[in-house]
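Novice: After the structure tokens below, expect a handful of questions from me.
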Amino acid sequence: TTTTTSSSSPNYKKKEGPINKDVLGKSTWNLLHSMSAWYPEKPSKEDEMYMTSFIEALGRFYPCTYCAHDFRGELHKSPPRTKSRKELCIWLCEQHNIVNQKLHKPQFPCDLNSLDQRWRNKKEG
């Protein structure tokens with residue numbers, strides 16, 4: 001699938017990449033949850049700005065066109081909450097659950113303790 005619009009538009013010309021969208025999705029969620037788990041407890045204004053920009057960039061450049069479009073819609077409804085690690089972790093979990101619901105996948109508990117057990121305190125192996 002190819003979408004063609006101007007290069008300054010969020011829907012710039014894209015092709016679905018060679019990576020399977022399920023693999024891409026799982027990898028992306030792993031990255032995002034790991035980033036939020038190690039986000040500062042009390043971020044600076046600069047940290048907040050960079051994290052918000054990073055998340056918004058996913059909605060613009062994500063290599064799955066319809067996933068990116070859907071994510072932009074969710075960002076419009078619920079902008080990233082970047083005032084604290086806890087807020088970001090919970091917001092991201094809620095976003096993940098929105099996607100999982102659409103894909104008929106299981107929901108994750110979004111309390112910080114559960115999220116930390118999975119993304120911050122998990123032992124290697």
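Each chain of the structure tokens is named A, B, ... in the order shown, its residues numbered from 1; ligands are numbered from 1 in display order.
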Using DSSP secondary structure from the backbone, list all strand (DSSP E) positions within segment 2-109 of chain A, as a list in words.
Specialist: Thr2, Thr3, Lys14 and Lys15 of chain A
Novice: Excluding segment 102-105 of chain A and any residue of its chain fewer than 6 positions from it, enumerate the residues within 12 Å of it, using only C-alpha atoms, and give them as number ranges by chain.
Specialist: A: 22, 25, 67, 70-71, 95-96
Novice: Restricting the output to N, CA and C atoms, write the selected residues as a short mmCIF file (atom, residue, chain, number, x, y, z; two decimals), in the first residue's frame.
Specialist:
```cif
data_model
loop_
_atom_site.label_atom_id
_atom_site.label_comp_id
_atom_site.auth_asym_id
_atom_site.auth_seq_id
_atom_site.Cartn_x
_atom_site.Cartn_y
_atom_site.Cartn_z
N ASP A 22 3.36 -6.98 12.71
CA ASP A 22 3.27 -7.53 14.07
C ASP A 22 4.62 -7.47 14.77
N GLY A 25 5.30 -3.81 15.46
CA GLY A 25 4.49 -3.35 16.58
C GLY A 25 5.05 -3.80 17.92
N CYS A 67 -1.49 2.37 10.83
CA CYS A 67 -1.16 2.40 12.27
C CYS A 67 -0.82 3.83 12.68
N ASP A 70 -3.95 6.02 12.74
CA ASP A 70 -4.75 5.70 13.92
C ASP A 70 -4.11 6.28 15.18
N PHE A 71 -2.79 6.18 15.29
CA PHE A 71 -2.09 6.70 16.46
C PHE A 71 -2.23 8.22 16.55
N GLN A 95 -2.63 3.65 25.99
CA GLN A 95 -2.55 3.67 24.53
C GLN A 95 -2.35 2.26 23.97
N HIS A 96 -1.50 1.49 24.62
CA HIS A 96 -1.26 0.11 24.20
C HIS A 96 -2.56 -0.69 24.30
#
```
Novice: Counting only C-alpha atoms, which residue out of A:Cys93, A:Met49, A:Arg72, A:Arg81 sits closest to Arg118 of chain A?
Specialist: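 When distances to Arg118 of chain A are compared using only C-alpha atoms, the smallest one comes from A:Cys93.
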Novice: With distances taken over only C-alpha atoms, which residue among A:Ile19, A:Cys89, A:Leu31, A:Leu24 lies nearest Leu112 of chain A?
Specialist: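 Among A:Ile19, A:Cys89, A:Leu31, A:Leu24, it is A:Cys89 that comes nearest to Leu112 of chain A.
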